[in-house]
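Participant: Quick one, upload_22.txt (compact mmCIF, C-alpha atoms and all ligand atoms):
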# COMPACT_ATOMS: atom_id res chain seq x y z
CA MET A 293 0.00 0.00 0.00
CA ASN A 294 2.74 2.41 0.88
CA THR A 295 5.29 1.20 -1.64
CA LEU A 296 5.98 4.24 -3.75
CA ILE A 297 7.68 2.35 -6.56
CA PRO A 298 6.25 -0.64 -8.41
CA THR A 299 7.34 -4.23 -7.75
CA GLN A 300 8.93 -4.34 -11.16
CA ASP A 301 11.30 -1.64 -9.97
CA LEU A 302 12.05 -3.62 -6.84
CA ASP A 303 12.98 -6.53 -9.13
CA LEU A 304 15.28 -4.22 -11.04
CA LEU A 305 16.76 -2.93 -7.79
CA LEU A 306 17.45 -6.49 -6.66
CA LYS A 307 19.29 -7.11 -9.93
CA GLN A 308 21.35 -3.97 -9.31
CA ALA A 309 22.14 -5.27 -5.84
CA GLU A 310 23.25 -8.62 -7.31
CA ALA A 311 25.47 -6.79 -9.77
CA LEU A 312 27.01 -4.69 -6.96
CA LEU A 313 27.96 -7.82 -5.01
CA GLU A 314 29.05 -9.86 -8.02
CA GLY A 315 32.50 -11.35 -7.39
CA GLU A 316 32.98 -9.39 -4.14
CA LYS A 317 33.33 -11.22 -0.82
CA ASP A 318 34.27 -8.34 1.47
CA LYS A 319 31.38 -8.14 3.89
CA ILE A 320 31.92 -4.55 5.00
CA ALA A 321 32.05 -3.36 1.40
CA ASN A 322 28.95 -5.34 0.52
CA MET A 323 26.97 -4.12 3.55
CA ALA A 324 28.03 -0.54 2.77
CA ASN A 325 26.96 -0.78 -0.85
CA LEU A 326 23.66 -2.50 -0.08
CA SER A 327 22.82 0.15 2.53
CA ALA A 328 23.58 2.96 0.09
CA LEU A 329 21.64 1.34 -2.74
CA VAL A 330 18.51 0.80 -0.66
CA TYR A 331 18.69 4.17 1.11
CA HIS A 332 19.05 6.15 -2.09
CA SER A 333 16.64 4.12 -4.23
CA ILE A 334 13.57 3.64 -2.06
CA PRO A 335 11.62 6.72 -1.05
CA ASP A 336 10.77 7.69 2.52
CA LEU A 337 13.49 5.92 4.44
CA ASN A 338 15.55 7.67 7.11
CA TRP A 339 17.91 4.88 8.13
CA VAL A 340 19.20 1.74 6.40
CA GLY A 341 21.96 -0.43 7.75
CA PHE A 342 23.38 -3.53 9.33
CA TYR A 343 24.07 -4.59 12.89
CA ILE A 344 26.65 -7.36 13.27
CA TYR A 345 26.49 -10.00 16.01
CA LYS A 346 29.64 -9.88 18.16
CA ASP A 347 30.15 -11.15 21.72
CA ARG A 348 26.42 -11.66 22.29
CA GLU A 349 25.50 -8.11 21.21
CA LEU A 350 24.47 -6.48 17.96
CA VAL A 351 27.10 -3.91 17.02
CA LEU A 352 26.55 -1.12 14.52
CA GLY A 353 27.84 -1.90 11.03
CA PRO A 354 27.74 -0.06 7.70
CA PHE A 355 24.69 2.17 7.35
CA GLN A 356 23.17 5.26 5.75
CA GLY A 357 21.38 7.84 7.86
CA LEU A 358 22.08 9.68 11.09
CA PRO A 359 24.52 8.31 13.67
CA ALA A 360 22.84 5.47 15.57
CA CYS A 361 23.04 3.42 18.76
CA VAL A 362 26.24 1.37 18.66
CA ARG A 363 25.26 -1.68 20.71
CA LEU A 364 21.90 -3.43 20.93
CA GLN A 365 21.00 -6.31 23.22
CA LEU A 366 19.48 -9.53 21.98
CA ASN A 367 15.82 -9.98 22.94
CA LYS A 368 15.38 -6.22 23.22
CA GLY A 369 14.12 -3.66 20.76
CA VAL A 370 13.06 -4.47 17.22
CA CYS A 371 16.55 -5.57 16.11
CA GLY A 372 17.33 -7.75 19.12
CA THR A 373 13.90 -9.36 19.04
CA SER A 374 14.14 -10.09 15.31
CA ALA A 375 17.56 -11.67 15.79
CA SER A 376 16.36 -13.80 18.72
CA LEU A 377 13.13 -14.93 17.09
CA ARG A 378 14.89 -15.50 13.74
CA MET A 379 12.05 -13.77 11.95
CA THR A 380 11.50 -10.54 10.10
CA LEU A 381 9.79 -7.94 12.27
CA ASN A 382 7.72 -5.50 10.28
CA VAL A 383 6.61 -2.87 12.78
CA PRO A 384 4.03 -0.42 11.39
CA ASP A 385 4.31 1.92 14.37
CA VAL A 386 7.50 1.71 16.42
CA HIS A 387 5.95 3.73 19.24
CA ALA A 388 3.55 0.85 19.83
CA PHE A 389 6.38 -1.71 20.02
CA GLU A 390 7.34 -2.29 23.61
CA GLY A 391 11.08 -1.94 24.09
CA HIS A 392 11.68 -0.18 20.79
CA VAL A 393 15.11 1.47 20.86
CA ALA A 394 14.73 5.00 19.51
CA CYS A 395 18.00 5.85 17.79
CA ASP A 396 16.50 8.36 15.39
CA SER A 397 13.45 10.25 16.57
CA ALA A 398 12.32 10.57 12.93
CA SER A 399 11.58 6.83 12.71
CA ASN A 400 7.93 5.82 12.84
CA SER A 401 7.99 2.40 11.20
CA GLU A 402 10.72 -0.19 10.94
CA CYS A 403 11.45 -3.48 9.20
CA VAL A 404 14.23 -5.71 10.54
CA VAL A 405 15.46 -8.80 8.69
CA PRO A 406 17.56 -11.29 10.66
CA ILE A 407 20.62 -12.62 8.87
CA TYR A 408 21.56 -16.19 9.63
CA PHE A 409 24.21 -18.34 7.95
CA ILE A 410 22.63 -21.76 8.35
CA ASP A 411 22.19 -21.77 12.16
CA GLU A 412 24.68 -19.06 12.99
CA LEU A 413 23.48 -15.50 13.66
CA TYR A 414 25.42 -13.01 11.53
CA GLY A 415 23.39 -9.88 12.32
CA VAL A 416 20.36 -7.95 11.13
CA PHE A 417 19.44 -5.66 8.28
CA ASP A 418 17.48 -2.72 9.72
CA VAL A 419 15.41 -0.24 7.73
CA ASP A 420 13.53 2.71 9.25
CA SER A 421 10.97 5.09 7.81
CA PRO A 422 9.46 8.35 9.03
CA ILE A 423 6.12 7.14 7.62
CA VAL A 424 3.83 4.94 9.70
CA ASN A 425 3.19 1.55 8.05
CA ARG A 426 5.76 2.17 5.30
CA PHE A 427 6.64 -1.48 4.71
CA ASP A 428 4.09 -3.47 2.75
CA LYS A 429 4.55 -7.17 1.90
CA GLU A 430 6.37 -6.48 -1.37
CA LEU A 431 8.85 -4.16 0.27
CA GLN A 432 9.36 -6.57 3.17
CA LYS A 433 10.07 -9.40 0.70
CA PHE A 434 12.56 -7.17 -1.13
CA LEU A 435 14.41 -6.39 2.11
CA GLU A 436 14.47 -10.11 2.95
CA ASP A 437 15.91 -10.79 -0.51
CA ILE A 438 18.64 -8.21 0.15
CA GLY A 439 19.47 -10.01 3.41
CA SER A 440 19.62 -13.38 1.61
CA LEU A 441 21.74 -11.92 -1.16
CA PHE A 442 24.21 -10.54 1.38
CA ILE A 443 24.62 -13.79 3.30
CA LYS A 444 25.34 -15.67 0.07
CA THR A 445 28.74 -13.91 0.15
CA TYR A 446 29.51 -15.59 3.51
CA GLU A 447 32.52 -17.90 3.37
N1 LIG A 501 15.04 0.82 16.48
C1 LIG A 501 15.99 -0.25 16.61
C2 LIG A 501 17.36 0.27 16.96
C3 LIG A 501 18.22 0.55 15.80
S1 LIG A 501 17.85 1.98 15.01
O1 LIG A 501 16.51 1.95 14.46
C4 LIG A 501 18.98 2.34 13.85
C5 LIG A 501 15.50 -1.25 17.64
O2 LIG A 501 14.48 -1.03 18.29
O3 LIG A 501 16.15 -2.27 17.78
Output the file's structure in the form of structure tokens.
Facilitator:
Amino acid sequence: MNTLIPTQDLDLLLKQAEALLEGEKDKIANMANLSALVYHSIPDLNWVGFYIYKDRELVLGPFQGLPACVRLQLNKGVCGTSASLRMTLNVPDVHAFEGHVACDSASNSECVVPIYFIDELYGVFDVDSPIVNRFDKELQKFLEDIGSLFIKTYE
């Protein structure tokens, strides 16, 4: 409902993402490029980035947007809950999500995709929007595809 570009364009964007990662295994570079591609291609997003699982915390990785919280706890907030439950959390109104960690006061909705390599938690892909209910099913699927594409580079 709130996707401002057609699915066909999301397909094209996914192909651009595949091309960006083609032959490149450096995870930082790939997370940086994926964040930039999504942030600059999809309207009405204020934060796009990765948190990487280290020493039982989620630590800020490559992102686009304002400076953000560096460390997030598992089981807490949208990111930590998504990582723990191993499921995408599509939150239409972050203010109604108990425990939401407000890094950017502009965020009103959020979609977090957990990134697992087989059974091992790698991190999460986190996307925020200033618009309530920004992430419809097509956009959620696209963000999940970006997460899957990224983890394919895992060695
Ligand atoms: N809102 C997230 C924290 C990360 S920021 O959105 C960049 C959460 O509740 O986990």
Participant: Please build the interface table for chain A against ligand LIG 501 (chain A) with a cut-off of 6 Å, listing for each qualifying residue the nearest atom pair and the distance in Å to one decimal; count only C-alpha atoms and all ligand atoms, order rows by chain and increasing number, and write it as a Markdown table.
Facilitator:
| residue | atom | partner | partner_atom | distance |
| --- | --- | --- | --- | --- |
| A:Ala360 | CA | A:LIG501 | C4 | 5.3 |
| A:Gly369 | CA | A:LIG501 | O2 | 3.6 |
| A:Val370 | CA | A:LIG501 | O3 | 3.8 |
| A:Cys371 | CA | A:LIG501 | O3 | 3.7 |
| A:Gly372 | CA | A:LIG501 | O3 | 5.8 |
| A:His392 | CA | A:LIG501 | O2 | 3.8 |
| A:Val393 | CA | A:LIG501 | O2 | 3.6 |
| A:Ala394 | CA | A:LIG501 | N1 | 5.2 |
| A:Cys395 | CA | A:LIG501 | S1 | 4.8 |
Participant: Just C-alpha atoms for this one: save the residues we selected as a tab-separated table (two decimals), keeping the file's coordinate frame.
Facilitator:
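result_14.tsv, freshly written:
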chain	number	residue	atom	x	y	z
A	360	ALA	CA	22.84	5.47	15.57
A	369	GLY	CA	14.12	-3.66	20.76
A	370	VAL	CA	13.06	-4.47	17.22
A	371	CYS	CA	16.55	-5.57	16.11
A	372	GLY	CA	17.33	-7.75	19.12
A	392	HIS	CA	11.68	-0.18	20.79
A	393	VAL	CA	15.11	1.47	20.86
A	394	ALA	CA	14.73	5.00	19.51
A	395	CYS	CA	18.00	5.85	17.79
Participant: Smallest atom-to-atom distance to Ile410 in chain A: which of A:Ala388, A:Ala328, A:Ala375, A:Ile443, using all atoms listed in the file?
Facilitator: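 Counting all atoms listed in the file, the residue closest to Ile410 in chain A is A:Ile443.
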Participant: What does the distance from CA of Val340 in chain A to CA of Phe417 in chain A come to in Å, to one decimal?
Facilitator: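 Result for CA of Val340 in chain A versus CA of Phe417 in chain A: 7.6 Å, one decimal.
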Participant: Might you pull out every residue within 7 Å of range 302-318 of chain A, with only C-alpha atoms counted and same-chain residues fewer than 5 positions away left off, and present them as a PyMOL selection string?
Facilitator: chain A and resi 326+434+445
Participant: Please produce an output containing C-alpha atoms for each residue in the selection, written as a tab-separated table (two decimals), in the coordinates of the input.
Facilitator:
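Written out: selection-v3.tsv:
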chain	number	residue	atom	x	y	z
A	326	LEU	CA	23.66	-2.50	-0.08
A	434	PHE	CA	12.56	-7.17	-1.13
A	445	THR	CA	28.74	-13.91	0.15
Participant: Can you pull out the residues contacting Glu436 in chain A? Cut-off 8 Å, using all atoms listed in the file, and skip same-chain residues under 4 positions away; I want them as a VMD selection string.
Facilitator: chain A and resid 380 405 432 440
Participant: Let's have the selection written as a PDB file, in the frame of the given file, with C-alpha atoms.
Facilitator:
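Listing of out33.pdb after writing:
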ATOM      1  CA  THR A 380      11.500 -10.540  10.100  1.00  0.00           C
ATOM      2  CA  VAL A 405      15.460  -8.800   8.690  1.00  0.00           C
ATOM      3  CA  GLN A 432       9.360  -6.570   3.170  1.00  0.00           C
ATOM      4  CA  SER A 440      19.620 -13.380   1.610  1.00  0.00           C
TER       5      SER A 440
END
Participant: If we draw a sphere of 12 Å around (22.8, 7.7, 15.9), which residues have at least one atom in it when counting all atoms listed in the file? Please report them as a CSV table (one decimal) with C-alpha atoms, in the coordinates of the input.
Facilitator:
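The new file out34.csv reads:
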chain,number,residue,atom,x,y,z
A,338,ASN,CA,15.6,7.7,7.1
A,339,TRP,CA,17.9,4.9,8.1
A,340,VAL,CA,19.2,1.7,6.4
A,341,GLY,CA,22.0,-0.4,7.8
A,352,LEU,CA,26.6,-1.1,14.5
A,353,GLY,CA,27.8,-1.9,11.0
A,355,PHE,CA,24.7,2.2,7.4
A,356,GLN,CA,23.2,5.3,5.8
A,357,GLY,CA,21.4,7.8,7.9
A,358,LEU,CA,22.1,9.7,11.1
A,359,PRO,CA,24.5,8.3,13.7
A,360,ALA,CA,22.8,5.5,15.6
A,361,CYS,CA,23.0,3.4,18.8
A,362,VAL,CA,26.2,1.4,18.7
A,363,ARG,CA,25.3,-1.7,20.7
A,393,VAL,CA,15.1,1.5,20.9
A,394,ALA,CA,14.7,5.0,19.5
A,395,CYS,CA,18.0,5.8,17.8
A,396,ASP,CA,16.5,8.4,15.4
A,397,SER,CA,13.4,10.2,16.6
A,398,ALA,CA,12.3,10.6,12.9
A,399,SER,CA,11.6,6.8,12.7
Participant: Please indicate the distance in Å from CA of Gly439 in chain A to CA of Leu366 in chain A, rounded to one decimal place.
Facilitator: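 According to the coordinates, CA of Gly439 in chain A and CA of Leu366 in chain A are separated by 18.6 Å.
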Participant: Which value, in Å to one decimal, gives the distance between CA of Arg348 in chain A and CA of Phe427 in chain A?
Facilitator: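 Between CA of Arg348 in chain A and CA of Phe427 in chain A the gap works out to 28.4 Å.
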Participant: Name the residues in contact with Leu337 in chain A at a cut-off of 12 Å, using all atoms listed in the file, excluding same-chain residues fewer than 5 positions from it; report them as a VMD selection string.
Facilitator: chain A and resid 294 to 296 327 to 332 356 to 358 396 398 to 403 418 to 427 431
Participant: Edge lengths and centre in Å to one decimal, as AutoDock Vina command-line options, of the axis-aligned box that encloses all listed atoms of range 418-423 of chain A with 4 Å added on every side?
Facilitator:
--center_x 11.8 --center_y 2.8 --center_z 8.7 --size_x 19.4 --size_y 19.1 --size_z 10.1
Participant: Can you tell me which residues surround Arg378 in chain A at a distance of at most 9 Å, considering all atoms listed in the file, apart from same-chain residues fewer than 6 positions away, and format the answer as a list of chain:residue names?
Facilitator: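 So the residues in contact are A:Val405, A:Pro406, A:Ile407, A:Tyr408, A:Leu413.
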Participant: With distances taken over all atoms listed in the file, which residue among A:Val404, A:Gly415, A:Ile344, A:Lys429 lies nearest Leu381 in chain A?
Facilitator: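 Of A:Val404, A:Gly415, A:Ile344, A:Lys429, the one nearest Leu381 in chain A is A:Val404, counting all atoms listed in the file.
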Participant: Between A:Asn382, A:Ala321, A:Phe389, A:Glu412, which is the closest to Lys433 in chain A once you count all atoms listed in the file?
Facilitator: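 Closest residue, counting all atoms listed in the file: A:Asn382.
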Participant: Once N, CA, C and O atoms are restored for range 338-364 of chain A, what would the output be as a compact mmCIF listing (two decimals), in the coordinates of the input?
Facilitator:
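Final output, saved to rebuild-v6.txt:
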# COMPACT_ATOMS: atom_id res chain seq x y z
N ASN A 338 14.61 6.77 6.43
CA ASN A 338 15.55 7.67 7.11
C ASN A 338 16.76 6.94 7.67
O ASN A 338 17.72 7.59 8.11
N TRP A 339 16.73 5.62 7.63
CA TRP A 339 17.91 4.88 8.13
C TRP A 339 17.91 3.48 7.51
O TRP A 339 16.87 2.80 7.50
N VAL A 340 19.05 3.08 7.00
CA VAL A 340 19.20 1.74 6.40
C VAL A 340 20.58 1.23 6.79
O VAL A 340 21.59 1.90 6.52
N GLY A 341 20.63 0.07 7.42
CA GLY A 341 21.96 -0.43 7.75
C GLY A 341 21.97 -1.79 8.40
O GLY A 341 20.93 -2.43 8.59
N PHE A 342 23.17 -2.20 8.76
CA PHE A 342 23.38 -3.53 9.33
C PHE A 342 23.87 -3.42 10.76
O PHE A 342 24.63 -2.50 11.11
N TYR A 343 23.46 -4.36 11.59
CA TYR A 343 24.07 -4.59 12.89
C TYR A 343 24.69 -5.99 12.83
O TYR A 343 24.08 -6.92 12.28
N ILE A 344 25.90 -6.11 13.36
CA ILE A 344 26.65 -7.36 13.27
C ILE A 344 26.74 -8.00 14.66
O ILE A 344 27.05 -7.31 15.65
N TYR A 345 26.48 -9.29 14.72
CA TYR A 345 26.49 -10.00 16.01
C TYR A 345 27.93 -10.27 16.45
O TYR A 345 28.69 -10.95 15.76
N LYS A 346 28.29 -9.69 17.60
CA LYS A 346 29.64 -9.88 18.16
C LYS A 346 29.52 -9.98 19.67
O LYS A 346 28.90 -9.11 20.30
N ASP A 347 30.14 -10.99 20.26
CA ASP A 347 30.15 -11.15 21.72
C ASP A 347 28.76 -10.97 22.35
O ASP A 347 28.59 -10.21 23.31
N ARG A 348 27.81 -11.62 21.78
CA ARG A 348 26.42 -11.66 22.29
C ARG A 348 25.71 -10.31 22.27
O ARG A 348 24.77 -10.07 23.04
N GLU A 349 26.20 -9.40 21.42
CA GLU A 349 25.50 -8.11 21.21
C GLU A 349 25.40 -7.87 19.71
O GLU A 349 26.14 -8.46 18.93
N LEU A 350 24.51 -6.95 19.35
CA LEU A 350 24.47 -6.48 17.96
C LEU A 350 25.21 -5.16 17.92
O LEU A 350 24.86 -4.22 18.64
N VAL A 351 26.24 -5.10 17.08
CA VAL A 351 27.10 -3.91 17.02
C VAL A 351 26.89 -3.23 15.66
O VAL A 351 26.82 -3.89 14.62
N LEU A 352 26.81 -1.91 15.72
CA LEU A 352 26.55 -1.12 14.52
C LEU A 352 27.55 -1.43 13.41
O LEU A 352 28.77 -1.47 13.63
N GLY A 353 27.02 -1.66 12.22
CA GLY A 353 27.84 -1.90 11.03
C GLY A 353 27.62 -0.80 10.02
O GLY A 353 27.13 0.28 10.36
N PRO A 354 27.93 -1.07 8.75
CA PRO A 354 27.74 -0.06 7.70
C PRO A 354 26.28 0.37 7.59
O PRO A 354 25.38 -0.46 7.68
N PHE A 355 26.07 1.66 7.43
CA PHE A 355 24.69 2.17 7.35
C PHE A 355 24.65 3.49 6.60
O PHE A 355 25.68 4.11 6.35
N GLN A 356 23.44 3.93 6.29
CA GLN A 356 23.17 5.26 5.75
C GLN A 356 22.12 5.89 6.64
O GLN A 356 21.15 5.24 7.02
N GLY A 357 22.32 7.16 6.98
CA GLY A 357 21.38 7.84 7.86
C GLY A 357 22.15 8.54 8.97
O GLY A 357 23.38 8.65 8.92
N LEU A 358 21.43 8.98 9.98
CA LEU A 358 22.08 9.68 11.09
C LEU A 358 22.83 8.70 11.98
O LEU A 358 22.51 7.50 12.00
N PRO A 359 23.82 9.18 12.72
CA PRO A 359 24.52 8.31 13.67
C PRO A 359 23.51 7.58 14.56
O PRO A 359 22.49 8.15 14.95
N ALA A 360 23.82 6.30 14.86
CA ALA A 360 22.84 5.47 15.57
C ALA A 360 23.45 4.81 16.79
O ALA A 360 24.67 4.85 17.01
N CYS A 361 22.60 4.17 17.58
CA CYS A 361 23.04 3.42 18.76
C CYS A 361 24.07 2.39 18.32
O CYS A 361 23.88 1.72 17.31
N VAL A 362 25.15 2.26 19.08
CA VAL A 362 26.24 1.37 18.66
C VAL A 362 25.96 -0.08 19.04
O VAL A 362 26.18 -0.99 18.24
N ARG A 363 25.46 -0.30 20.25
CA ARG A 363 25.26 -1.68 20.71
C ARG A 363 23.81 -1.92 21.10
O ARG A 363 23.22 -1.13 21.83
N LEU A 364 23.28 -3.04 20.61
CA LEU A 364 21.90 -3.43 20.93
C LEU A 364 21.93 -4.82 21.56
O LEU A 364 22.73 -5.67 21.16
